[in-house]
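The structure file structure-v8.tsv is reproduced below (TSV, C-alpha atoms and all ligand atoms).
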```tsv
chain	number	residue	atom	x	y	z
A	1	MET	CA	-17.39	114.40	-110.86
A	2	LEU	CA	-17.01	112.78	-114.24
A	3	THR	CA	-19.04	114.26	-117.09
A	4	ASP	CA	-21.53	112.16	-119.03
A	5	ALA	CA	-19.11	112.20	-121.96
A	6	GLU	CA	-16.34	110.85	-119.74
A	7	LEU	CA	-18.58	108.18	-118.26
A	8	GLU	CA	-19.35	107.00	-121.76
A	9	ARG	CA	-15.78	107.24	-123.09
A	10	TYR	CA	-14.33	105.24	-120.21
A	11	SER	CA	-17.29	102.94	-119.56
A	12	ARG	CA	-15.42	99.73	-120.36
A	13	GLN	CA	-12.65	100.42	-117.86
A	14	ILE	CA	-14.95	101.95	-115.25
A	15	MET	CA	-16.28	98.38	-115.15
A	16	LEU	CA	-12.86	97.44	-113.79
A	17	PHE	CA	-12.14	100.15	-111.28
A	18	GLY	CA	-15.20	102.31	-110.85
A	19	ARG	CA	-15.80	106.03	-111.21
A	20	SER	CA	-13.46	106.79	-108.34
A	21	GLY	CA	-10.61	105.03	-110.18
A	22	GLN	CA	-11.33	107.02	-113.31
A	23	GLU	CA	-11.37	110.21	-111.27
A	24	ARG	CA	-8.01	109.31	-109.83
A	25	LEU	CA	-6.62	108.89	-113.35
A	26	ARG	CA	-8.04	112.27	-114.30
A	27	GLU	CA	-6.20	113.86	-111.39
A	28	THR	CA	-2.87	112.34	-112.40
A	29	THR	CA	-0.12	114.20	-114.22
A	30	ALA	CA	2.23	111.91	-116.12
A	31	PHE	CA	5.59	112.95	-117.46
A	32	ILE	CA	6.64	110.97	-120.54
A	33	ALA	CA	10.34	111.26	-121.33
A	34	GLY	CA	10.59	110.71	-125.06
A	35	ALA	CA	8.21	110.58	-128.03
A	36	GLY	CA	9.91	107.73	-129.87
A	37	GLY	CA	9.05	104.04	-130.09
A	38	LEU	CA	8.21	103.48	-126.43
A	39	GLY	CA	6.95	107.03	-125.91
A	40	SER	CA	4.47	106.59	-128.74
A	41	VAL	CA	2.85	103.52	-127.23
A	42	VAL	CA	3.00	104.93	-123.71
A	43	ALA	CA	1.45	108.27	-124.71
A	44	ILE	CA	-1.32	106.75	-126.82
A	45	TYR	CA	-2.45	104.31	-124.13
A	46	MET	CA	-2.18	106.91	-121.37
A	47	ALA	CA	-4.21	109.42	-123.36
A	48	ALA	CA	-6.77	106.78	-124.23
A	49	ALA	CA	-7.08	105.71	-120.60
A	50	GLY	CA	-7.72	109.28	-119.49
A	51	PHE	CA	-4.67	110.31	-117.48
A	52	GLY	CA	-5.73	113.90	-116.86
A	53	CYS	CA	-2.49	115.61	-117.79
A	54	ILE	CA	0.21	114.24	-120.04
A	55	ARG	CA	3.45	116.13	-120.48
A	56	ILE	CA	5.60	114.68	-123.22
A	57	ALA	CA	9.13	115.85	-123.95
A	58	ASP	CA	11.42	115.21	-126.90
A	59	CYS	CA	13.97	117.30	-128.76
A	60	ASP	CA	13.93	115.54	-132.13
A	61	THR	CA	12.05	115.98	-135.35
A	62	VAL	CA	10.26	113.13	-137.09
A	63	ASP	CA	12.43	111.15	-139.49
A	64	VAL	CA	11.02	108.76	-142.03
A	65	SER	CA	13.04	105.93	-140.42
A	66	ASN	CA	11.04	106.47	-137.19
A	67	LEU	CA	7.78	105.44	-138.76
A	68	ASN	CA	8.20	101.66	-138.54
A	69	ARG	CA	7.47	101.89	-134.81
A	70	GLN	CA	6.77	105.43	-133.62
A	71	VAL	CA	3.02	105.30	-134.03
A	72	LEU	CA	2.47	108.84	-132.74
A	73	HIS	CA	3.82	110.16	-136.03
A	74	ARG	CA	2.59	109.96	-139.62
A	75	THR	CA	4.33	110.23	-142.98
A	76	ILE	CA	3.01	113.75	-143.31
A	77	ASP	CA	4.80	114.64	-140.05
A	78	VAL	CA	8.31	113.96	-141.37
A	79	GLY	CA	10.43	117.00	-140.52
A	80	ARG	CA	8.01	118.26	-137.85
A	81	ASP	CA	8.86	118.50	-134.17
A	82	LYS	CA	8.01	115.17	-132.59
A	83	THR	CA	6.10	116.79	-129.77
A	84	GLU	CA	4.00	118.74	-132.27
A	85	SER	CA	2.87	115.62	-134.09
A	86	ALA	CA	2.44	113.89	-130.72
A	87	LEU	CA	0.11	116.68	-129.64
A	88	GLN	CA	-1.92	116.31	-132.83
A	89	THR	CA	-2.31	112.54	-132.50
A	90	LEU	CA	-3.12	112.61	-128.80
A	91	LYS	CA	-5.61	115.45	-129.14
A	92	ASP	CA	-7.40	113.63	-131.95
A	93	LEU	CA	-7.54	110.56	-129.75
A	94	ASN	CA	-8.69	112.26	-126.57
A	95	PRO	CA	-9.61	115.96	-126.59
A	96	THR	CA	-10.84	115.83	-122.98
A	97	ILE	CA	-7.40	115.68	-121.36
A	98	ASP	CA	-4.60	118.21	-121.00
A	99	ILE	CA	-1.64	117.46	-123.27
A	100	GLN	CA	1.54	119.46	-122.76
A	101	PRO	CA	4.17	118.97	-125.46
A	102	VAL	CA	7.65	120.23	-124.60
A	103	GLN	CA	10.19	120.36	-127.42
A	104	GLU	CA	13.27	120.34	-125.24
A	105	ARG	CA	16.33	118.23	-124.54
A	106	LEU	CA	16.18	116.40	-121.24
A	107	ASP	CA	19.22	117.28	-119.19
A	108	GLU	CA	20.07	118.23	-115.64
A	109	HIS	CA	19.02	121.82	-116.28
A	110	SER	CA	15.69	121.17	-117.94
A	111	ILE	CA	14.50	118.23	-115.86
A	112	GLU	CA	13.17	120.17	-112.87
A	113	GLY	CA	10.94	122.33	-115.03
A	114	LEU	CA	9.81	119.37	-117.09
A	115	LEU	CA	8.85	117.38	-114.02
A	116	ARG	CA	6.92	120.16	-112.29
A	117	ASP	CA	3.76	118.79	-110.61
A	118	SER	CA	4.24	115.33	-112.14
A	119	ASP	CA	2.93	112.36	-110.21
A	120	LEU	CA	4.93	109.78	-112.12
A	121	ILE	CA	7.66	109.38	-114.73
A	122	MET	CA	7.44	107.20	-117.83
A	123	ASP	CA	10.90	106.24	-119.08
A	124	ALA	CA	10.78	106.18	-122.86
A	125	MET	CA	14.36	107.27	-123.43
A	126	ASP	CA	16.89	105.58	-125.65
A	127	ASN	CA	20.03	105.89	-123.53
A	128	PHE	CA	21.15	105.21	-119.99
A	129	GLU	CA	22.71	108.57	-119.33
A	130	THR	CA	19.30	110.26	-119.46
A	131	ARG	CA	17.68	107.33	-117.66
A	132	TYR	CA	20.00	107.93	-114.72
A	133	LEU	CA	18.81	111.56	-114.68
A	134	LEU	CA	15.21	110.35	-114.56
A	135	ASN	CA	16.10	107.91	-111.80
A	136	ARG	CA	17.69	110.60	-109.65
A	137	ALA	CA	14.74	112.93	-110.25
A	138	ALA	CA	12.25	110.20	-109.29
A	139	LEU	CA	14.14	109.65	-106.03
A	140	ARG	CA	14.37	113.39	-105.30
A	141	HIS	CA	10.65	113.94	-105.90
A	142	ASN	CA	9.63	110.62	-104.38
A	143	ILE	CA	7.54	109.65	-107.41
A	144	PRO	CA	7.56	106.33	-109.24
A	145	LEU	CA	9.60	105.66	-112.36
A	146	PHE	CA	8.28	103.17	-114.89
A	147	HIS	CA	11.26	101.87	-116.84
A	148	GLY	CA	11.18	100.27	-120.24
A	149	ALA	CA	13.87	99.60	-122.85
A	150	ILE	CA	14.05	97.68	-126.11
A	151	SER	CA	16.44	96.44	-128.73
A	152	GLY	CA	15.28	94.39	-131.67
A	153	PHE	CA	13.05	91.55	-130.49
A	154	HIS	CA	14.07	92.06	-126.85
A	155	GLY	CA	12.70	94.31	-124.17
A	156	GLN	CA	12.80	94.86	-120.43
A	157	ALA	CA	10.64	96.65	-117.89
A	158	THR	CA	10.66	97.38	-114.19
A	159	THR	CA	9.02	99.74	-111.72
A	160	VAL	CA	10.92	101.89	-109.24
A	161	LEU	CA	9.22	103.09	-106.07
A	162	PRO	CA	11.71	105.47	-104.39
A	163	GLY	CA	12.90	104.29	-101.01
A	164	ARG	CA	10.90	101.10	-101.28
A	165	SER	CA	12.43	99.16	-104.15
A	166	ALA	CA	15.61	98.78	-106.13
A	167	CYS	CA	16.24	101.87	-108.23
A	168	LEU	CA	17.42	101.85	-111.82
A	169	ARG	CA	21.03	102.29	-110.73
A	170	CYS	CA	20.75	99.37	-108.28
A	171	LEU	CA	19.73	97.22	-111.24
A	172	PHE	CA	22.05	98.70	-113.82
A	173	PRO	CA	25.14	100.04	-112.05
A	174	ARG	CA	26.96	100.68	-115.32
A	175	ALA	CA	25.55	102.56	-118.27
A	176	LEU	CA	25.44	100.82	-121.62
A	177	PRO	CA	27.41	102.61	-124.30
A	178	PRO	CA	25.09	104.52	-126.64
A	179	SER	CA	24.43	102.71	-129.88
A	180	THR	CA	22.16	102.64	-132.88
A	181	PHE	CA	19.87	99.83	-131.90
A	182	PRO	CA	17.55	97.77	-134.11
A	183	ALA	CA	13.96	98.69	-133.33
A	184	LEU	CA	10.68	96.97	-134.04
A	185	GLY	CA	7.11	98.16	-133.55
A	186	PRO	CA	5.73	95.13	-131.70
A	187	THR	CA	8.60	95.12	-129.17
A	188	CYS	CA	7.81	98.77	-128.38
A	189	GLY	CA	4.14	97.78	-128.20
A	190	VAL	CA	4.75	95.02	-125.65
A	191	ILE	CA	7.08	96.99	-123.40
A	192	GLY	CA	5.25	100.33	-123.64
A	193	SER	CA	1.99	98.58	-122.80
A	194	ILE	CA	3.55	96.98	-119.74
A	195	GLN	CA	4.78	100.39	-118.58
A	196	VAL	CA	1.32	101.93	-118.88
A	197	ASN	CA	-0.25	98.92	-117.20
A	198	GLU	CA	2.13	99.47	-114.28
A	199	ALA	CA	1.27	103.18	-114.09
A	200	LEU	CA	-2.43	102.34	-114.10
A	201	LYS	CA	-2.02	99.86	-111.26
A	202	PHE	CA	0.03	102.34	-109.29
A	203	VAL	CA	-2.60	105.07	-109.58
A	204	LEU	CA	-5.47	102.68	-108.92
A	205	GLY	CA	-3.72	100.83	-106.10
A	206	LYS	CA	-4.39	97.50	-107.76
A	207	GLY	CA	-2.36	94.33	-108.29
A	208	GLU	CA	1.34	93.67	-107.87
A	209	LEU	CA	3.85	96.12	-109.27
A	210	LEU	CA	7.05	95.15	-111.05
A	211	THR	CA	9.16	96.36	-108.14
A	212	ASN	CA	12.37	94.46	-107.43
A	213	ARG	CA	11.74	92.48	-110.58
A	214	LEU	CA	13.08	92.96	-114.05
A	215	LEU	CA	10.67	91.61	-116.62
A	216	LEU	CA	12.29	90.39	-119.82
A	217	TRP	CA	10.42	90.00	-123.08
A	218	ASP	CA	11.90	87.74	-125.74
A	219	GLY	CA	9.96	88.28	-128.93
A	220	LEU	CA	11.80	85.52	-130.78
A	221	ALA	CA	10.87	82.89	-128.22
A	222	SER	CA	7.56	84.61	-127.42
A	223	SER	CA	8.36	84.26	-123.76
A	224	MET	CA	8.78	86.37	-120.66
A	225	ASP	CA	11.25	85.85	-117.86
A	226	GLU	CA	11.81	87.62	-114.62
A	227	LEU	CA	15.01	88.44	-112.80
A	228	ALA	CA	14.67	89.14	-109.11
A	229	CYS	CA	16.64	92.13	-107.90
A	230	GLU	CA	17.09	94.06	-104.72
A	231	ARG	CA	18.39	97.38	-103.47
A	232	ARG	CA	22.16	97.70	-103.33
A	233	PRO	CA	22.97	99.38	-100.03
A	234	ALA	CA	25.97	101.10	-101.64
A	235	CYS	CA	23.95	102.39	-104.62
A	236	GLU	CA	25.24	105.88	-105.43
A	237	HIS	CA	21.75	107.03	-106.42
A	238	CYS	CA	19.42	105.73	-103.73
A	239	ARG	CA	21.48	104.98	-100.62
A	240	ASP	CA	20.25	108.20	-98.97
A	241	TYR	CA	16.57	107.58	-99.67
B	242	MET	CA	30.21	69.24	-111.63
B	243	LYS	CA	27.25	70.47	-113.60
B	244	ILE	CA	26.42	74.15	-113.87
B	245	LYS	CA	23.21	75.37	-115.43
B	246	VAL	CA	23.48	78.51	-117.51
B	247	ARG	CA	20.52	80.68	-118.46
B	248	ALA	CA	21.06	83.25	-121.17
B	249	PHE	CA	18.77	86.16	-121.97
B	250	ALA	CA	18.15	88.67	-124.73
B	251	SER	CA	20.79	88.59	-127.48
B	252	PHE	CA	22.92	86.11	-125.50
B	253	ARG	CA	20.12	83.63	-125.87
B	254	GLU	CA	20.44	83.80	-129.63
B	255	MET	CA	24.10	82.86	-129.26
B	256	LEU	CA	24.01	80.32	-126.45
B	257	GLY	CA	20.45	79.01	-126.44
B	258	SER	CA	18.11	79.71	-123.58
B	259	GLU	CA	19.42	77.08	-121.22
B	260	LEU	CA	22.53	74.94	-121.27
B	261	GLU	CA	24.39	72.72	-118.88
B	262	LEU	CA	28.16	72.83	-118.61
B	263	ASP	CA	30.34	70.16	-117.13
B	264	LEU	CA	33.18	71.88	-115.28
B	265	PRO	CA	35.96	70.71	-112.97
B	266	ASP	CA	34.99	70.91	-109.30
B	267	GLU	CA	35.46	74.30	-107.67
B	268	SER	CA	35.61	76.13	-110.97
B	269	SER	CA	35.04	79.86	-110.54
B	270	VAL	CA	32.50	82.15	-112.11
B	271	GLN	CA	35.31	83.49	-114.31
B	272	GLU	CA	36.16	79.98	-115.47
B	273	LEU	CA	32.54	79.36	-116.33
B	274	LEU	CA	32.52	82.53	-118.42
B	275	ASP	CA	35.74	81.49	-120.14
B	276	ALA	CA	34.16	78.16	-120.98
B	277	LEU	CA	31.15	79.95	-122.45
B	278	ALA	CA	33.42	82.24	-124.45
B	279	SER	CA	35.26	79.33	-126.00
B	280	LEU	CA	31.93	77.74	-126.84
B	281	ASN	CA	30.72	80.60	-128.98
B	282	PRO	CA	32.93	83.23	-130.62
B	283	ARG	CA	30.04	85.66	-131.07
B	284	PHE	CA	29.22	85.50	-127.37
B	285	CYS	CA	32.91	86.02	-126.71
B	286	SER	CA	33.05	89.25	-128.71
B	287	GLU	CA	29.69	90.55	-127.45
B	288	ALA	CA	30.20	89.81	-123.77
B	289	PHE	CA	33.89	90.58	-123.26
B	290	ASP	CA	35.95	93.68	-123.86
B	291	ARG	CA	39.35	93.64	-125.54
B	292	SER	CA	41.20	92.89	-122.35
B	293	GLY	CA	39.08	89.81	-121.82
B	294	LEU	CA	36.96	91.22	-119.01
B	295	LEU	CA	33.23	90.78	-118.97
B	296	LYS	CA	31.74	94.07	-120.20
B	297	ASP	CA	30.84	96.11	-117.15
B	298	TYR	CA	27.13	96.48	-117.93
B	299	VAL	CA	26.47	92.74	-118.40
B	300	LEU	CA	24.45	91.37	-115.49
B	301	LEU	CA	25.32	88.10	-113.79
B	302	MET	CA	23.14	86.20	-111.37
B	303	LYS	CA	23.95	83.10	-109.37
B	304	ASN	CA	21.03	81.08	-108.10
B	305	ARG	CA	18.85	84.13	-108.81
B	306	LYS	CA	21.00	86.46	-106.74
B	307	ARG	CA	23.03	89.15	-108.34
B	308	LEU	CA	26.79	88.65	-108.59
B	309	ASP	CA	29.10	91.63	-108.25
B	310	ARG	CA	32.26	91.94	-110.28
B	311	ASP	CA	34.37	91.24	-107.19
B	312	SER	CA	32.84	87.77	-106.87
B	313	MET	CA	34.20	86.55	-110.19
B	314	ASN	CA	36.68	84.26	-108.45
B	315	GLN	CA	34.02	82.74	-106.25
B	316	ALA	CA	33.93	78.94	-106.58
B	317	LEU	CA	30.79	77.43	-108.02
B	318	GLU	CA	29.08	74.35	-106.68
B	319	ASP	CA	27.48	71.43	-108.43
B	320	GLY	CA	23.95	72.35	-109.48
B	321	ASP	CA	24.45	76.11	-109.37
B	322	GLU	CA	22.51	78.15	-111.85
B	323	VAL	CA	24.17	81.16	-113.44
B	324	ALA	CA	22.29	83.69	-115.55
B	325	VAL	CA	23.92	86.12	-117.98
B	326	PHE	CA	21.98	89.06	-119.27
B	327	PRO	CA	22.93	92.01	-121.46
B	328	PRO	CA	20.47	94.81	-120.67
B	329	VAL	CA	19.00	96.67	-123.62
B	330	SER	CA	18.86	100.44	-123.78
B	331	GLY	CA	16.83	101.47	-126.79
B	332	GLY	CA	13.50	103.22	-126.74
A	401	ZN	ZN	19.67	102.39	-106.10
```
Write-out of the structure in structure tokens:
Amino acid sequence: MLTDAELERYSRQIMLFGRSGQERLRETTAFIAGAGGLGSVVAIYMAAAGFGCIRIADCDTVDVSNLNRQVLHRTIDVGRDKTESALQTLKDLNPTIDIQPVQERLDEHSIEGLLRDSDLIMDAMDNFETRYLLNRAALRHNIPLFHGAISGFHGQATTVLPGRSACLRCLFPRALPPSTFPALGPTCGVIGSIQVNEALKFVLGKGELLTNRLLLWDGLASSMDELACERRPACEHCRDY
Amino acid sequence: MKIKVRAFASFREMLGSELELDLPDESSVQELLDALASLNPRFCSEAFDRSGLLKDYVLLMKNRKRLDRDSMNQALEDGDEVAVFPPVSGG
């Protein structure tokens, strides 16, 4: 049962999907990989929407050059652990949910612990090596992965449902070399919002997910495109699922 | 024959969002890419590695179906649409 305070807080979205939808959100544990540009937008909208448990992992500290887009962090947070300032911001926004900050590097050793009891994975990483780890973990645990990535004015998003849609490796068989990418707040805002919108629809069982489709945002043209994609039977990540 | 090319993300800034190339009949996907490379030096350096191969992470689609690297010698047909897309990886 939702409390009176919850009914009031979420009243404008309960109009959309009812108390039962809100309860479903409250029962959902989301793992957010990264508290950077995408992770900031993802975490803020998930906390605001009332996902009951949000675990957010990052291993960095806040740098002043993060602040043009990483809206979880403030000038006063420079030098602090990113997950610590994330906790502060998210708690201020919504004290009624459980926020679990984990200041830890995501690698093959840490991922199992980080993912414990998670119902879904939000990809807010900045490199493909770690994204592949997330992809494999999503397949292993049979939970959805909501992918987003940005560079400059451009962004992309897709949704992976293990065993039912193309996985991240089907779409991107080769990792991009790591690079220092240009990053802009609004691009993170667009893509991060799409990722959360997808997670909401998944939990609520509403609408059409971005499965087998790669959505492309072009901020210079102010336009979106879509590339159709499908599972690759030989995919080294998902062929056994 | 006419081939329609759709470029995305940073490639769009170099090539424009949509262009039509006039190529000799039965030109291959590789020949289309070579033609694009000669059209725009920035595209050439962004899309190809030093040995002249398309960078391995660049996605290619023909008529909205993905093209694998082993189909680069496939002949194109008049009216085909080829899309080139460099995925982004930042967060
Ligand atoms: Zn796959």
Practice problem: Please give me, as a PyMOL selection string, the residues lying within 10 Å of ligand ZN 401 (chain A) when counting only C-alpha atoms and all ligand atoms. | Solution: chain A and resi 135-136+139+160+162-163+165-173+230-241
Quiz item: CA of Thr158 in chain A and CA of Asn127 in chain A, how far apart in Å?
Solution: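 One can read the CA of Asn127 in chain A to CA of Thr158 in chain A distance as 15.7 Å.
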Quick one: which range 91-187 of chain A residues come within 12 Å of range 36-56 of chain A, and what is the nearest atom pair for each with the distance in Å to one decimal, counting only C-alpha atoms, rows ordered by chain and ascending number, as JSON lines?
```
{"residue": "A:Lys91", "atom": "CA", "partner": "A:Ala47", "partner_atom": "CA", "distance": 8.5}
{"residue": "A:Asp92", "atom": "CA", "partner": "A:Ala47", "partner_atom": "CA", "distance": 10.1}
{"residue": "A:Leu93", "atom": "CA", "partner": "A:Ala48", "partner_atom": "CA", "distance": 6.7}
{"residue": "A:Asn94", "atom": "CA", "partner": "A:Ala47", "partner_atom": "CA", "distance": 6.2}
{"residue": "A:Pro95", "atom": "CA", "partner": "A:Ala47", "partner_atom": "CA", "distance": 9.1}
{"residue": "A:Thr96", "atom": "CA", "partner": "A:Gly50", "partner_atom": "CA", "distance": 8.1}
{"residue": "A:Ile97", "atom": "CA", "partner": "A:Gly52", "partner_atom": "CA", "distance": 5.1}
{"residue": "A:Asp98", "atom": "CA", "partner": "A:Cys53", "partner_atom": "CA", "distance": 4.6}
{"residue": "A:Ile99", "atom": "CA", "partner": "A:Ile54", "partner_atom": "CA", "distance": 4.9}
{"residue": "A:Gln100", "atom": "CA", "partner": "A:Arg55", "partner_atom": "CA", "distance": 4.5}
{"residue": "A:Pro101", "atom": "CA", "partner": "A:Ile56", "partner_atom": "CA", "distance": 5.0}
{"residue": "A:Val102", "atom": "CA", "partner": "A:Ile56", "partner_atom": "CA", "distance": 6.1}
{"residue": "A:Gln103", "atom": "CA", "partner": "A:Ile56", "partner_atom": "CA", "distance": 8.4}
{"residue": "A:Glu104", "atom": "CA", "partner": "A:Ile56", "partner_atom": "CA", "distance": 9.7}
{"residue": "A:Arg105", "atom": "CA", "partner": "A:Ile56", "partner_atom": "CA", "distance": 11.4}
{"residue": "A:Leu106", "atom": "CA", "partner": "A:Ile56", "partner_atom": "CA", "distance": 10.9}
{"residue": "A:Gly113", "atom": "CA", "partner": "A:Arg55", "partner_atom": "CA", "distance": 11.1}
{"residue": "A:Leu114", "atom": "CA", "partner": "A:Arg55", "partner_atom": "CA", "distance": 7.9}
{"residue": "A:Leu115", "atom": "CA", "partner": "A:Arg55", "partner_atom": "CA", "distance": 8.5}
{"residue": "A:Arg116", "atom": "CA", "partner": "A:Arg55", "partner_atom": "CA", "distance": 9.8}
{"residue": "A:Asp117", "atom": "CA", "partner": "A:Cys53", "partner_atom": "CA", "distance": 10.0}
{"residue": "A:Ser118", "atom": "CA", "partner": "A:Arg55", "partner_atom": "CA", "distance": 8.4}
{"residue": "A:Asp119", "atom": "CA", "partner": "A:Cys53", "partner_atom": "CA", "distance": 9.9}
{"residue": "A:Leu120", "atom": "CA", "partner": "A:Ile54", "partner_atom": "CA", "distance": 10.2}
{"residue": "A:Ile121", "atom": "CA", "partner": "A:Arg55", "partner_atom": "CA", "distance": 9.8}
{"residue": "A:Met122", "atom": "CA", "partner": "A:Val42", "partner_atom": "CA", "distance": 7.7}
{"residue": "A:Asp123", "atom": "CA", "partner": "A:Gly39", "partner_atom": "CA", "distance": 7.9}
{"residue": "A:Ala124", "atom": "CA", "partner": "A:Gly39", "partner_atom": "CA", "distance": 5.0}
{"residue": "A:Met125", "atom": "CA", "partner": "A:Gly39", "partner_atom": "CA", "distance": 7.8}
{"residue": "A:Asp126", "atom": "CA", "partner": "A:Gly36", "partner_atom": "CA", "distance": 8.4}
{"residue": "A:Phe146", "atom": "CA", "partner": "A:Val42", "partner_atom": "CA", "distance": 10.4}
{"residue": "A:His147", "atom": "CA", "partner": "A:Leu38", "partner_atom": "CA", "distance": 10.2}
{"residue": "A:Gly148", "atom": "CA", "partner": "A:Leu38", "partner_atom": "CA", "distance": 7.6}
{"residue": "A:Ala149", "atom": "CA", "partner": "A:Leu38", "partner_atom": "CA", "distance": 7.7}
{"residue": "A:Ile150", "atom": "CA", "partner": "A:Leu38", "partner_atom": "CA", "distance": 8.2}
{"residue": "A:Ser151", "atom": "CA", "partner": "A:Gly37", "partner_atom": "CA", "distance": 10.7}
{"residue": "A:Gly152", "atom": "CA", "partner": "A:Gly37", "partner_atom": "CA", "distance": 11.6}
{"residue": "A:Gly155", "atom": "CA", "partner": "A:Leu38", "partner_atom": "CA", "distance": 10.5}
{"residue": "A:Gln156", "atom": "CA", "partner": "A:Leu38", "partner_atom": "CA", "distance": 11.5}
{"residue": "A:Ala157", "atom": "CA", "partner": "A:Leu38", "partner_atom": "CA", "distance": 11.2}
{"residue": "A:Phe181", "atom": "CA", "partner": "A:Gly37", "partner_atom": "CA", "distance": 11.8}
{"residue": "A:Pro182", "atom": "CA", "partner": "A:Gly37", "partner_atom": "CA", "distance": 11.3}
{"residue": "A:Ala183", "atom": "CA", "partner": "A:Gly37", "partner_atom": "CA", "distance": 8.0}
{"residue": "A:Leu184", "atom": "CA", "partner": "A:Gly37", "partner_atom": "CA", "distance": 8.3}
{"residue": "A:Gly185", "atom": "CA", "partner": "A:Gly37", "partner_atom": "CA", "distance": 7.1}
{"residue": "A:Pro186", "atom": "CA", "partner": "A:Gly37", "partner_atom": "CA", "distance": 9.6}
{"residue": "A:Thr187", "atom": "CA", "partner": "A:Leu38", "partner_atom": "CA", "distance": 8.8}
```
Self-check item: Residue nearest Val246 in chain B among B:Val299, B:Leu260, B:Val270, B:Leu294 (counting only C-alpha atoms)
Solution: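 The answer is B:Leu260, which sits nearest to Val246 in chain B.
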Exercise. Counting all atoms listed in the file, figure out which residue out of B:Asp275, B:Asp297, B:Asp266, B:Asp290 gets nearest to Glu318 in chain B.
Key: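 Among the listed residues, the smallest separation from Glu318 in chain B belongs to B:Asp266.
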Neighbours of Leu300 in chain B within 7 Å (only C-alpha atoms; same-chain residues fewer than 2 positions away dropped), as a PDB file with C-alpha atoms, keeping the file's coordinate frame?
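Output file selection.pdb is given in full below:
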```
ATOM      1  CA  TYR B 298      27.130  96.480-117.930  1.00  0.00           C
ATOM      2  CA  MET B 302      23.140  86.200-111.370  1.00  0.00           C
ATOM      3  CA  VAL B 325      23.920  86.120-117.980  1.00  0.00           C
ATOM      4  CA  PHE B 326      21.980  89.060-119.270  1.00  0.00           C
ATOM      5  CA  PRO B 327      22.930  92.010-121.460  1.00  0.00           C
TER       6      PRO B 327
END
```
Quiz item: Between CA of Thr159 in chain A and CA of Leu210 in chain A, what is the distance, to one decimal in Å?
Solution: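 Computing the Euclidean distance for CA of Thr159 in chain A and CA of Leu210 in chain A yields 5.0 Å.
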Cut-off 6 Å: closest chain B/chain A atom pairs per residue, using all atoms listed in the file, as a Markdown table:
```
| residue | atom | partner | partner_atom | distance |
| --- | --- | --- | --- | --- |
| B:Ala250 | CA | A:His154 | CA | 5.7 |
| B:Tyr298 | CA | A:Arg174 | CA | 4.9 |
| B:Val329 | CA | A:Ile150 | CA | 5.6 |
| B:Ser330 | CA | A:Ala149 | CA | 5.1 |
| B:Gly331 | CA | A:Asp126 | CA | 4.3 |
| B:Gly332 | CA | A:Asp126 | CA | 4.3 |
```
Any chance you could export the current selection's C-alpha atoms as a short mmCIF file (atom, residue, chain, number, x, y, z; two decimals), keeping the file's coordinate frame?
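Resulting contents of out.cif:
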```
data_model
loop_
_atom_site.label_atom_id
_atom_site.label_comp_id
_atom_site.auth_asym_id
_atom_site.auth_seq_id
_atom_site.Cartn_x
_atom_site.Cartn_y
_atom_site.Cartn_z
CA ALA B 250 18.15 88.67 -124.73
CA TYR B 298 27.13 96.48 -117.93
CA VAL B 329 19.00 96.67 -123.62
CA SER B 330 18.86 100.44 -123.78
CA GLY B 331 16.83 101.47 -126.79
CA GLY B 332 13.50 103.22 -126.74
#
```
Quiz item: From the set B:Met255, B:Phe289, B:Met242, B:Leu301, which residue has the shortest atom-to-atom contact distance to Val323 in chain B, counting all atoms listed in the file?
Solution: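 Of B:Met255, B:Phe289, B:Met242, B:Leu301, the one nearest Val323 in chain B is B:Leu301, counting all atoms listed in the file.
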